[in-house]
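A.B. asks: So that you have it, the file is query_15.pdb, and it contains PDB, C-alpha atoms and all ligand atoms:
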ATOM      1  CA  MET A  12     -24.537 -97.727 -63.610
ATOM      2  CA  ASP A  13     -22.438 -94.683 -64.296
ATOM      3  CA  ALA A  14     -18.728 -95.225 -64.481
ATOM      4  CA  GLN A  15     -16.755 -93.952 -61.533
ATOM      5  CA  PRO A  16     -15.575 -90.422 -62.237
ATOM      6  CA  ASP A  17     -11.835 -90.137 -62.713
ATOM      7  CA  ALA A  18      -9.873 -89.143 -59.671
ATOM      8  CA  PRO A  19      -9.493 -85.355 -59.899
ATOM      9  CA  VAL A  20      -6.139 -84.376 -61.333
ATOM     10  CA  ASP A  21      -4.376 -82.018 -58.957
ATOM     11  CA  THR A  22      -3.463 -79.378 -61.512
ATOM     12  CA  LYS A  23      -1.944 -77.184 -58.790
ATOM     13  CA  ALA A  24       0.507 -79.833 -57.623
ATOM     14  CA  ALA A  25       1.230 -80.739 -61.256
ATOM     15  CA  TYR A  26       2.162 -77.158 -62.181
ATOM     16  CA  LEU A  27       4.316 -76.842 -59.061
ATOM     17  CA  LYS A  28       6.154 -80.011 -60.083
ATOM     18  CA  ASP A  29       6.748 -78.571 -63.570
ATOM     19  CA  LEU A  30       8.138 -75.315 -62.134
ATOM     20  CA  LEU A  31      10.453 -77.132 -59.715
ATOM     21  CA  GLY A  32      11.490 -79.538 -62.468
ATOM     22  CA  ALA A  33      12.387 -76.644 -64.783
ATOM     23  CA  GLY A  34      14.375 -75.011 -61.980
ATOM     24  CA  LEU A  35      12.252 -71.850 -62.081
ATOM     25  CA  LEU A  36      11.283 -72.360 -58.428
ATOM     26  CA  ILE A  37      13.535 -73.994 -55.839
ATOM     27  CA  ASP A  38      12.067 -76.212 -53.143
ATOM     28  CA  THR A  39      12.726 -75.408 -49.461
ATOM     29  CA  GLY A  40      10.623 -78.182 -47.954
ATOM     30  CA  VAL A  41       7.918 -75.740 -46.840
ATOM     31  CA  PRO A  42       4.804 -75.394 -49.029
ATOM     32  CA  GLY A  43       4.570 -71.845 -50.370
ATOM     33  CA  VAL A  44       8.191 -70.896 -49.567
ATOM     34  CA  TYR A  45      10.431 -71.146 -52.642
ATOM     35  CA  GLY A  46      13.663 -69.899 -54.057
ATOM     36  CA  ARG A  47      13.476 -68.228 -57.475
ATOM     37  CA  SER A  48      15.820 -68.764 -60.419
ATOM     38  CA  GLY A  49      17.516 -65.980 -62.350
ATOM     39  CA  VAL A  50      15.088 -66.472 -65.232
ATOM     40  CA  PHE A  51      12.082 -66.224 -62.905
ATOM     41  CA  GLU A  52      13.498 -63.053 -61.335
ATOM     42  CA  ASP A  53      14.230 -61.543 -64.728
ATOM     43  CA  VAL A  54      10.583 -61.969 -65.744
ATOM     44  CA  ILE A  55       9.509 -60.179 -62.562
ATOM     45  CA  THR A  56      12.052 -57.388 -63.103
ATOM     46  CA  ARG A  57      10.907 -56.904 -66.702
ATOM     47  CA  PHE A  58       7.236 -56.915 -65.779
ATOM     48  CA  GLU A  59       7.868 -54.427 -62.978
ATOM     49  CA  ALA A  60       9.586 -52.156 -65.502
ATOM     50  CA  THR A  61       6.326 -52.043 -67.493
ATOM     51  CA  VAL A  62       4.455 -51.141 -64.293
ATOM     52  CA  THR A  63       6.983 -48.386 -63.560
ATOM     53  CA  ALA A  64       6.549 -47.028 -67.093
ATOM     54  CA  ALA A  65       2.755 -47.017 -66.661
ATOM     55  CA  GLY A  66       3.196 -45.047 -63.433
ATOM     56  CA  GLU A  67       4.810 -42.235 -65.466
ATOM     57  CA  GLY A  68       7.180 -41.262 -62.644
ATOM     58  CA  GLN A  69       4.422 -39.430 -60.810
ATOM     59  CA  ALA A  70       4.651 -41.313 -57.518
ATOM     60  CA  GLU A  71       7.003 -40.984 -54.564
ATOM     61  CA  VAL A  72       9.051 -44.188 -54.416
ATOM     62  CA  MET A  73       9.330 -45.860 -50.998
ATOM     63  CA  ARG A  74      10.664 -49.310 -50.144
ATOM     64  CA  PHE A  75      10.028 -50.915 -46.762
ATOM     65  CA  PRO A  76      11.545 -54.196 -45.548
ATOM     66  CA  PRO A  77       9.307 -57.279 -45.253
ATOM     67  CA  GLY A  78       8.999 -56.805 -41.481
ATOM     68  CA  MET A  79       7.011 -53.942 -39.931
ATOM     69  CA  ASN A  80       6.435 -52.269 -36.567
ATOM     70  CA  ARG A  81       4.330 -54.622 -34.408
ATOM     71  CA  ALA A  82       2.457 -51.753 -32.723
ATOM     72  CA  HIS A  83       1.541 -50.283 -36.137
ATOM     73  CA  PHE A  84       0.382 -53.695 -37.282
ATOM     74  CA  ALA A  85      -1.866 -54.086 -34.207
ATOM     75  CA  ARG A  86      -3.319 -50.601 -34.645
ATOM     76  CA  SER A  87      -4.090 -51.298 -38.307
ATOM     77  CA  GLY A  88      -6.783 -53.781 -37.231
ATOM     78  CA  TYR A  89      -5.240 -56.662 -39.181
ATOM     79  CA  MET A  90      -5.762 -59.116 -36.291
ATOM     80  CA  LYS A  91      -9.488 -58.300 -36.215
ATOM     81  CA  SER A  92      -9.948 -59.194 -39.855
ATOM     82  CA  PHE A  93      -7.209 -61.692 -40.819
ATOM     83  CA  PRO A  94      -5.676 -63.297 -37.697
ATOM     84  CA  GLN A  95      -5.333 -66.589 -39.582
ATOM     85  CA  LEU A  96      -2.884 -65.066 -42.078
ATOM     86  CA  ALA A  97      -0.590 -63.138 -39.722
ATOM     87  CA  GLY A  98       3.021 -63.945 -38.853
ATOM     88  CA  ALA A  99       5.052 -62.428 -36.012
ATOM     89  CA  VAL A 100       8.816 -62.578 -35.446
ATOM     90  CA  HIS A 101       9.967 -64.235 -32.218
ATOM     91  CA  SER A 102      13.513 -64.328 -30.872
ATOM     92  CA  PHE A 103      15.405 -65.979 -28.053
ATOM     93  CA  CYS A 104      15.785 -63.587 -25.113
ATOM     94  CA  GLY A 105      16.498 -66.049 -22.277
ATOM     95  CA  ASP A 106      19.441 -66.883 -19.992
ATOM     96  CA  SER A 107      21.853 -69.846 -20.151
ATOM     97  CA  HIS A 108      19.364 -72.097 -18.413
ATOM     98  CA  ALA A 109      16.660 -71.287 -20.938
ATOM     99  CA  HIS A 110      19.231 -71.764 -23.699
ATOM    100  CA  ASN A 111      19.923 -75.300 -22.466
ATOM    101  CA  ASP A 112      16.193 -76.074 -22.474
ATOM    102  CA  LEU A 113      15.958 -74.724 -26.000
ATOM    103  CA  LEU A 114      18.837 -76.874 -27.274
ATOM    104  CA  GLN A 115      17.406 -79.951 -25.564
ATOM    105  CA  ALA A 116      14.062 -79.401 -27.230
ATOM    106  CA  ILE A 117      15.779 -79.110 -30.640
ATOM    107  CA  GLU A 118      17.864 -82.214 -29.880
ATOM    108  CA  GLY A 119      14.746 -84.144 -28.844
ATOM    109  CA  GLY A 120      12.859 -83.124 -31.979
ATOM    110  CA  GLN A 121      10.299 -81.239 -29.894
ATOM    111  CA  ASP A 122       8.712 -77.866 -30.566
ATOM    112  CA  TRP A 123      11.430 -75.451 -29.436
ATOM    113  CA  THR A 124       9.649 -72.221 -30.309
ATOM    114  CA  GLY A 125       7.915 -71.990 -26.899
ATOM    115  CA  GLY A 126      11.175 -70.616 -25.507
ATOM    116  CA  LEU A 127      11.079 -67.611 -27.831
ATOM    117  CA  THR A 128       9.650 -64.168 -27.105
ATOM    118  CA  GLY A 129       7.703 -61.862 -29.409
ATOM    119  CA  THR A 130       9.763 -59.001 -30.841
ATOM    120  CA  ASP A 131       8.752 -55.551 -32.090
ATOM    121  CA  VAL A 132       8.633 -56.931 -35.644
ATOM    122  CA  VAL A 133       5.802 -58.657 -37.496
ATOM    123  CA  LEU A 134       5.945 -59.827 -41.094
ATOM    124  CA  THR A 135       4.397 -57.326 -43.499
ATOM    125  CA  PRO A 136       0.976 -58.681 -44.543
ATOM    126  CA  ALA A 137       0.405 -56.283 -47.451
ATOM    127  CA  THR A 138       2.835 -53.863 -49.043
ATOM    128  CA  CYS A 139       0.874 -50.714 -48.176
ATOM    129  CA  TYR A 140       0.566 -51.366 -44.398
ATOM    130  CA  PRO A 141       3.828 -49.634 -43.355
ATOM    131  CA  LEU A 142       2.986 -46.618 -45.550
ATOM    132  CA  TYR A 143       0.015 -45.173 -43.650
ATOM    133  CA  PRO A 144       1.758 -44.515 -40.301
ATOM    134  CA  ALA A 145       4.738 -43.056 -42.207
ATOM    135  CA  VAL A 146       2.466 -40.641 -44.112
ATOM    136  CA  ALA A 147       0.536 -39.784 -40.919
ATOM    137  CA  ALA A 148       3.805 -38.842 -39.191
ATOM    138  CA  ARG A 149       4.447 -36.157 -41.825
ATOM    139  CA  GLY A 150       1.305 -34.219 -40.853
ATOM    140  CA  VAL A 151      -1.400 -32.752 -43.099
ATOM    141  CA  LEU A 152      -1.311 -33.890 -46.736
ATOM    142  CA  PRO A 153      -0.465 -31.423 -49.510
ATOM    143  CA  SER A 154      -3.479 -30.085 -51.453
ATOM    144  CA  ASP A 155      -3.034 -32.656 -54.230
ATOM    145  CA  GLY A 156      -2.829 -35.504 -51.707
ATOM    146  CA  GLY A 157      -0.185 -38.212 -51.940
ATOM    147  CA  LEU A 158       0.799 -40.854 -54.496
ATOM    148  CA  TYR A 159       3.272 -43.602 -53.591
ATOM    149  CA  ASP A 160       5.104 -46.404 -55.401
ATOM    150  CA  LEU A 161       5.820 -49.400 -53.142
ATOM    151  CA  GLN A 162       7.176 -52.924 -53.395
ATOM    152  CA  SER A 163       7.731 -55.489 -50.665
ATOM    153  CA  TYR A 164       7.769 -59.136 -49.824
ATOM    154  CA  CYS A 165       4.608 -60.006 -47.875
ATOM    155  CA  PHE A 166       3.773 -62.953 -45.632
ATOM    156  CA  ARG A 167       0.482 -64.804 -45.360
ATOM    157  CA  HIS A 168       0.197 -68.029 -43.435
ATOM    158  CA  GLU A 169      -1.629 -70.213 -45.929
ATOM    159  CA  PRO A 170       0.549 -73.224 -46.772
ATOM    160  CA  SER A 171      -0.612 -74.737 -50.067
ATOM    161  CA  ASN A 172       0.592 -76.922 -52.916
ATOM    162  CA  ASP A 173      -0.769 -74.252 -55.286
ATOM    163  CA  PRO A 174       2.303 -72.395 -56.559
ATOM    164  CA  ALA A 175       0.035 -69.360 -57.050
ATOM    165  CA  ARG A 176      -0.646 -69.278 -53.299
ATOM    166  CA  MET A 177       2.749 -68.627 -51.732
ATOM    167  CA  GLN A 178       3.388 -67.758 -48.092
ATOM    168  CA  LEU A 179       6.137 -65.287 -49.020
ATOM    169  CA  PHE A 180       5.632 -63.268 -52.186
ATOM    170  CA  ARG A 181       6.039 -59.760 -53.570
ATOM    171  CA  GLN A 182       3.445 -57.114 -54.210
ATOM    172  CA  ARG A 183       4.106 -54.012 -56.263
ATOM    173  CA  GLU A 184       1.661 -51.290 -55.280
ATOM    174  CA  TYR A 185       0.650 -47.771 -56.101
ATOM    175  CA  VAL A 186      -1.253 -46.043 -53.307
ATOM    176  CA  ARG A 187      -3.254 -42.825 -53.493
ATOM    177  CA  ILE A 188      -4.152 -40.820 -50.395
ATOM    178  CA  GLY A 189      -6.440 -37.792 -50.605
ATOM    179  CA  SER A 190     -10.077 -36.810 -51.116
ATOM    180  CA  PRO A 191     -12.675 -39.440 -52.157
ATOM    181  CA  ASP A 192     -12.677 -37.958 -55.682
ATOM    182  CA  GLN A 193      -8.884 -38.113 -55.956
ATOM    183  CA  VAL A 194      -8.609 -41.740 -54.814
ATOM    184  CA  LEU A 195     -11.553 -42.974 -56.923
ATOM    185  CA  GLU A 196     -10.106 -41.279 -60.009
ATOM    186  CA  PHE A 197      -6.791 -43.031 -59.253
ATOM    187  CA  ARG A 198      -8.488 -46.413 -58.950
ATOM    188  CA  GLN A 199     -10.334 -45.899 -62.245
ATOM    189  CA  LEU A 200      -7.088 -44.914 -63.989
ATOM    190  CA  TRP A 201      -5.284 -48.033 -62.719
ATOM    191  CA  LEU A 202      -8.212 -50.286 -63.642
ATOM    192  CA  GLN A 203      -7.531 -49.185 -67.230
ATOM    193  CA  ARG A 204      -3.729 -49.269 -66.948
ATOM    194  CA  GLY A 205      -3.744 -52.686 -65.264
ATOM    195  CA  GLN A 206      -5.869 -54.238 -68.009
ATOM    196  CA  ALA A 207      -3.699 -52.640 -70.700
ATOM    197  CA  LEU A 208      -0.539 -54.092 -69.104
ATOM    198  CA  ILE A 209      -2.006 -57.599 -68.891
ATOM    199  CA  ASN A 210      -3.231 -57.352 -72.492
ATOM    200  CA  ARG A 211       0.262 -56.404 -73.655
ATOM    201  CA  VAL A 212       1.783 -59.529 -72.137
ATOM    202  CA  GLY A 213      -0.839 -61.727 -73.779
ATOM    203  CA  LEU A 214      -2.682 -63.094 -70.748
ATOM    204  CA  PRO A 215      -6.399 -63.913 -70.694
ATOM    205  CA  TYR A 216      -8.245 -62.324 -67.778
ATOM    206  CA  GLN A 217     -11.546 -61.341 -66.289
ATOM    207  CA  LEU A 218     -12.296 -58.449 -63.985
ATOM    208  CA  GLU A 219     -14.543 -59.134 -60.987
ATOM    209  CA  ILE A 220     -15.926 -57.528 -57.878
ATOM    210  CA  ALA A 221     -14.178 -59.262 -54.988
ATOM    211  CA  SER A 222     -13.859 -59.415 -51.212
ATOM    212  CA  ASP A 223     -11.069 -60.093 -48.748
ATOM    213  CA  PRO A 224     -10.848 -63.373 -46.744
ATOM    214  CA  PHE A 225     -12.207 -61.865 -43.494
ATOM    215  CA  PHE A 226     -12.042 -64.261 -40.544
ATOM    216  CA  GLY A 227     -15.007 -65.958 -38.888
ATOM    217  CA  ARG A 228     -18.748 -65.482 -38.922
ATOM    218  CA  GLY A 229     -18.599 -61.691 -38.661
ATOM    219  CA  GLY A 230     -16.197 -61.770 -41.571
ATOM    220  CA  LYS A 231     -18.887 -63.054 -43.932
ATOM    221  CA  LEU A 232     -20.902 -59.892 -43.330
ATOM    222  CA  MET A 233     -17.842 -57.714 -43.877
ATOM    223  CA  ALA A 234     -17.118 -59.499 -47.153
ATOM    224  CA  MET A 235     -20.747 -59.012 -48.274
ATOM    225  CA  ALA A 236     -20.641 -55.292 -47.457
ATOM    226  CA  GLN A 237     -17.320 -54.957 -49.302
ATOM    227  CA  ARG A 238     -18.863 -56.533 -52.408
ATOM    228  CA  GLU A 239     -22.069 -54.494 -52.212
ATOM    229  CA  GLN A 240     -20.086 -51.267 -52.111
ATOM    230  CA  GLN A 241     -17.728 -52.481 -54.862
ATOM    231  CA  LEU A 242     -14.695 -51.600 -52.761
ATOM    232  CA  LYS A 243     -12.482 -54.299 -54.295
ATOM    233  CA  PHE A 244     -11.967 -55.434 -57.873
ATOM    234  CA  GLU A 245      -9.670 -58.255 -58.897
ATOM    235  CA  LEU A 246      -8.132 -59.042 -62.261
ATOM    236  CA  LEU A 247      -8.212 -62.829 -62.432
ATOM    237  CA  VAL A 248      -6.041 -64.990 -64.689
ATOM    238  CA  PRO A 249      -6.444 -68.763 -65.012
ATOM    239  CA  ILE A 250      -3.171 -70.299 -63.759
ATOM    240  CA  THR A 251      -3.792 -73.670 -62.135
ATOM    241  CA  SER A 252      -7.556 -73.714 -62.720
ATOM    242  CA  VAL A 253      -9.940 -72.266 -65.293
ATOM    243  CA  GLU A 254     -12.904 -72.503 -62.911
ATOM    244  CA  GLN A 255     -11.016 -70.771 -60.110
ATOM    245  CA  PRO A 256      -8.738 -68.222 -61.748
ATOM    246  CA  THR A 257      -6.115 -66.479 -59.621
ATOM    247  CA  ALA A 258      -6.236 -62.824 -58.574
ATOM    248  CA  CYS A 259      -3.127 -61.244 -60.102
ATOM    249  CA  LEU A 260      -4.054 -57.581 -59.613
ATOM    250  CA  SER A 261      -6.358 -55.991 -57.065
ATOM    251  CA  PHE A 262      -7.852 -52.515 -57.002
ATOM    252  CA  ASN A 263      -8.886 -51.513 -53.503
ATOM    253  CA  TYR A 264     -10.823 -48.544 -52.144
ATOM    254  CA  HIS A 265     -10.441 -48.464 -48.355
ATOM    255  CA  GLN A 266     -12.725 -45.424 -47.921
ATOM    256  CA  ASP A 267     -11.534 -43.612 -44.764
ATOM    257  CA  HIS A 268     -10.442 -46.783 -42.893
ATOM    258  CA  PHE A 269      -6.705 -46.011 -42.876
ATOM    259  CA  GLY A 270      -7.282 -42.247 -42.726
ATOM    260  CA  GLN A 271      -9.303 -42.702 -39.511
ATOM    261  CA  THR A 272      -6.964 -45.301 -38.048
ATOM    262  CA  TRP A 273      -3.871 -43.155 -38.518
ATOM    263  CA  GLY A 274      -5.391 -39.680 -38.322
ATOM    264  CA  ILE A 275      -4.365 -38.708 -41.859
ATOM    265  CA  ALA A 276      -5.939 -35.351 -42.798
ATOM    266  CA  THR A 277      -6.345 -33.639 -46.166
ATOM    267  CA  ASP A 278      -5.462 -29.936 -46.423
ATOM    268  CA  ASP A 279      -9.122 -28.934 -45.886
ATOM    269  CA  GLY A 280      -9.159 -30.816 -42.576
ATOM    270  CA  SER A 281     -11.184 -33.856 -43.730
ATOM    271  CA  VAL A 282     -10.206 -37.434 -43.003
ATOM    272  CA  ALA A 283      -8.198 -38.758 -45.947
ATOM    273  CA  HIS A 284      -9.471 -41.602 -48.096
ATOM    274  CA  THR A 285      -7.094 -44.181 -49.571
ATOM    275  CA  ALA A 286      -6.968 -46.611 -52.485
ATOM    276  CA  CYS A 287      -4.301 -48.961 -53.764
ATOM    277  CA  VAL A 288      -3.577 -51.090 -56.801
ATOM    278  CA  GLY A 289      -1.548 -54.208 -56.086
ATOM    279  CA  PHE A 290       0.298 -56.419 -58.589
ATOM    280  CA  GLY A 291       0.974 -59.968 -57.369
ATOM    281  CA  LEU A 292       4.407 -60.282 -58.991
ATOM    282  CA  GLU A 293       4.972 -64.021 -58.529
ATOM    283  CA  ARG A 294       1.416 -64.738 -59.678
ATOM    284  CA  ILE A 295       1.911 -62.692 -62.837
ATOM    285  CA  ALA A 296       5.184 -64.531 -63.561
ATOM    286  CA  LEU A 297       3.457 -67.875 -62.937
ATOM    287  CA  ALA A 298       0.638 -66.887 -65.303
ATOM    288  CA  LEU A 299       3.190 -65.944 -67.992
ATOM    289  CA  PHE A 300       5.016 -69.282 -67.656
ATOM    290  CA  LYS A 301       1.684 -71.138 -67.709
ATOM    291  CA  HIS A 302       0.333 -69.463 -70.839
ATOM    292  CA  HIS A 303       3.541 -68.924 -72.824
ATOM    293  CA  GLY A 304       5.560 -71.954 -71.692
ATOM    294  CA  LEU A 305       8.466 -72.594 -69.331
ATOM    295  CA  ASP A 306      11.058 -71.465 -71.904
ATOM    296  CA  VAL A 307      11.046 -67.659 -72.101
ATOM    297  CA  LYS A 308      12.973 -67.733 -75.393
ATOM    298  CA  ALA A 309       9.979 -69.480 -76.992
ATOM    299  CA  TRP A 310       7.447 -66.905 -75.790
ATOM    300  CA  PRO A 311       5.432 -65.092 -78.510
ATOM    301  CA  ALA A 312       7.335 -62.234 -80.131
ATOM    302  CA  SER A 313       4.750 -59.671 -78.982
ATOM    303  CA  VAL A 314       5.179 -60.740 -75.357
ATOM    304  CA  ARG A 315       8.973 -60.737 -75.596
ATOM    305  CA  GLU A 316       8.787 -57.281 -77.165
ATOM    306  CA  ALA A 317       6.543 -56.013 -74.334
ATOM    307  CA  LEU A 318       8.923 -57.318 -71.643
ATOM    308  CA  TRP A 319      12.399 -57.180 -73.146
ATOM    309  CA  GLY A 320      11.821 -54.475 -75.796
TER     310      GLY A 320
HETATM  311 ZN    ZN A 401      -2.561 -51.983 -50.521
END
Go ahead and express the file in the form of structure tokens.
Ligand code: ZN

C.D. replies:
Amino acid sequence: MDAQPDAPVDTKAAYLKDLLGAGLLIDTGVPGVYGRSGVFEDVITRFEATVTAAGEGQAEVMRFPPGMNRAHFARSGYMKSFPQLAGAVHSFCGDSHAHNDLLQAIEGGQDWTGGLTGTDVVLTPATCYPLYPAVAARGVLPSDGGLYDLQSYCFRHEPSNDPARMQLFRQREYVRIGSPDQVLEFRQLWLQRGQALINRVGLPYQLEIASDPFFGRGGKLMAMAQREQQLKFELLVPITSVEQPTACLSFNYHQDHFGQTWGIATDDGSVAHTACVGFGLERIALALFKHHGLDVKAWPASVREALWG
């Protein structure tokens, strides 16, 4: 008889334990919600500086908070495709009586959130979502379209013991809005730039055609169509698994989805196309700590040179 296979080692939980033990991440008691140490933040700041340099100062810088307009969020279609990942902000809007009920529920250890009411704010699901309505509000695009530099915390409800799958994390993005030719040229340029950046910091990677985690049975068809049309590429780096490497960068062509949704027009009156490149900043930091070690001072000279100069 064959020997019993070893119990699978949970490499995700093990890496999380290492990161918490080294003080790079700080536990909050909620899976996927962590504090970050100064060293961790410095790595992100330094990596972002390399992204900024690659962007060559061409883009309009915009920073939105991690909460966005609920009506814009609904109109974006996010709840059709990814309802399982969404998060909405609720607040207490009741009278004294309702307040008493709320405090009693907290006191009794019951769910007290039923007494809250939805607000006009939802948590930003992806850094580029607040951009499209803001660009639409400006009217027709200039003849050379638009190019934007964004960064935001994002929320996705997927609690996990995989440190590379956080619920609250930052994405740095560049977004191009314009003609199909303009946005596809942008995506091609960033496919090259993204690989060059990851090479410089000494990480192994593979580039793959990918799809988004669309919800439900209909979602499978949407994911298949997305792959067939090669709308999404991901740059994957092994972090907690070699077999299932983690997407650290994504290169997305949305065709005219956001242009249609928001009525964004190019200067010749066509519906604008959009594309974005997204850098998963925590994931990139986690990949660097995994491959180069938890002590940044012991990282290879070439990597230190690339980040700290
Ligand atoms: Zn985006």

A.B. asks: Write out, as JSON lines, each residue of region 107-181 of chain A that has an atom at most 9 Å from region 247-271 of chain A, together with the closest pair of atoms and their distance in Å to one decimal, counting all atoms listed in the file, rows going by chain and rising number.

C.D. replies:
{"residue": "A:Tyr143", "atom": "CA", "partner": "A:Phe269", "partner_atom": "CA", "distance": 6.8}
{"residue": "A:Pro144", "atom": "CA", "partner": "A:Phe269", "partner_atom": "CA", "distance": 9.0}
{"residue": "A:Ala147", "atom": "CA", "partner": "A:Gly270", "partner_atom": "CA", "distance": 8.4}
{"residue": "A:Asp173", "atom": "CA", "partner": "A:Thr251", "partner_atom": "CA", "distance": 7.5}
{"residue": "A:Pro174", "atom": "CA", "partner": "A:Thr251", "partner_atom": "CA", "distance": 8.4}
{"residue": "A:Ala175", "atom": "CA", "partner": "A:Thr257", "partner_atom": "CA", "distance": 7.3}
{"residue": "A:Arg176", "atom": "CA", "partner": "A:Thr257", "partner_atom": "CA", "distance": 8.8}

A.B. asks: To one decimal place, how far is CA of His108 (chain A) from CA of Gly126 (chain A) in Å?

C.D. replies: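 Distance between the two atoms: 10.9 Å.
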
A.B. asks: Report, in Å to a single decimal, how far apart CA of Glu293 (chain A) and CA of Val44 (chain A) are.

C.D. replies: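 Separation of CA of Val44 (chain A) and CA of Glu293 (chain A): 11.7 Å.
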
A.B. asks: Could you pull out the residues sitting within 6 Å of ligand ZN 401 (chain A), using only C-alpha atoms and all ligand atoms, and write them as a PyMOL selection string?

C.D. replies: chain A and resi 138-139+287

A.B. asks: Quick one: of A:Ile220, A:Leu242, A:Leu305, A:Leu297, who's nearest to Phe58 (chain A), counting only C-alpha atoms?

C.D. replies: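 Looking at the shortest contact to Phe58 (chain A), the residue is A:Leu297.
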
A.B. asks: Ser48 (chain A): which residues within 9 Å, counting only C-alpha atoms, same-chain residues fewer than 3 positions away excluded, as a VMD selection string?

C.D. replies: chain A and resid 34 to 37 51 to 53

A.B. asks: What would the file look like if the residues just selected were written as a compact mmCIF listing (two decimals), keeping the file's coordinate frame with C-alpha atoms?

C.D. replies:
# COMPACT_ATOMS: atom_id res chain seq x y z
CA GLY A 34 14.38 -75.01 -61.98
CA LEU A 35 12.25 -71.85 -62.08
CA LEU A 36 11.28 -72.36 -58.43
CA ILE A 37 13.54 -73.99 -55.84
CA PHE A 51 12.08 -66.22 -62.90
CA GLU A 52 13.50 -63.05 -61.34
CA ASP A 53 14.23 -61.54 -64.73

A.B. asks: Compare A:Thr61, A:Thr285, A:Gln121, A:Thr130 by their minimum atom-to-atom distance to Val194 (chain A), counting only C-alpha atoms, and give me the closest one.

C.D. replies: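 Residue with the minimum atom-to-atom distance to Val194 (chain A): A:Thr285.
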
A.B. asks: Expressed in Å to a single decimal, how great is the separation between CA of Leu152 (chain A) and CA of Thr277 (chain A)?

C.D. replies: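 According to the coordinates, CA of Leu152 (chain A) and CA of Thr277 (chain A) are separated by 5.1 Å.
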
A.B. asks: Name all residues at most 12 Å from Gly68 (chain A) (count only C-alpha atoms; drop same-chain ones fewer than 3 positions away) and give them as a list in words.

C.D. replies: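 Once the adjacent positions are removed, what remains is Ala60, Thr61, Val62, Thr63, Ala64, Ala65, Glu71, Val72, Leu158, Tyr159, Asp160 and Tyr185 of chain A.
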
A.B. asks: Can you list what the PyMOL selection byres (((chain A and resi 238) around 12) and not hetatm) grabs from this structure, as a PyMOL selection string?

C.D. replies: chain A and resi 219-224+231-237+239-245+263-264

A.B. asks: Restricting the calculation to only C-alpha atoms: of A:Arg86, A:Lys23, A:His284, A:Arg81, which residue gets closest to Gly189 (chain A)?

C.D. replies: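 That would be A:His284, the residue with the smallest distance to Gly189 (chain A).
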
A.B. asks: Mind dumping a table of every region 107-190 of chain A residue within 9 Å of region 195-203 of chain A, with the nearest atom pair and its distance in Å to one decimal, using all atoms listed in the file, sorted by chain and rising number, as CSV?

C.D. replies:
residue,atom,partner,partner_atom,distance
A:Tyr185,CA,A:Trp201,CA,8.9
A:Val186,CA,A:Phe197,CA,8.7
A:Arg187,CA,A:Phe197,CA,6.8
A:Ser190,CA,A:Leu195,CA,8.6
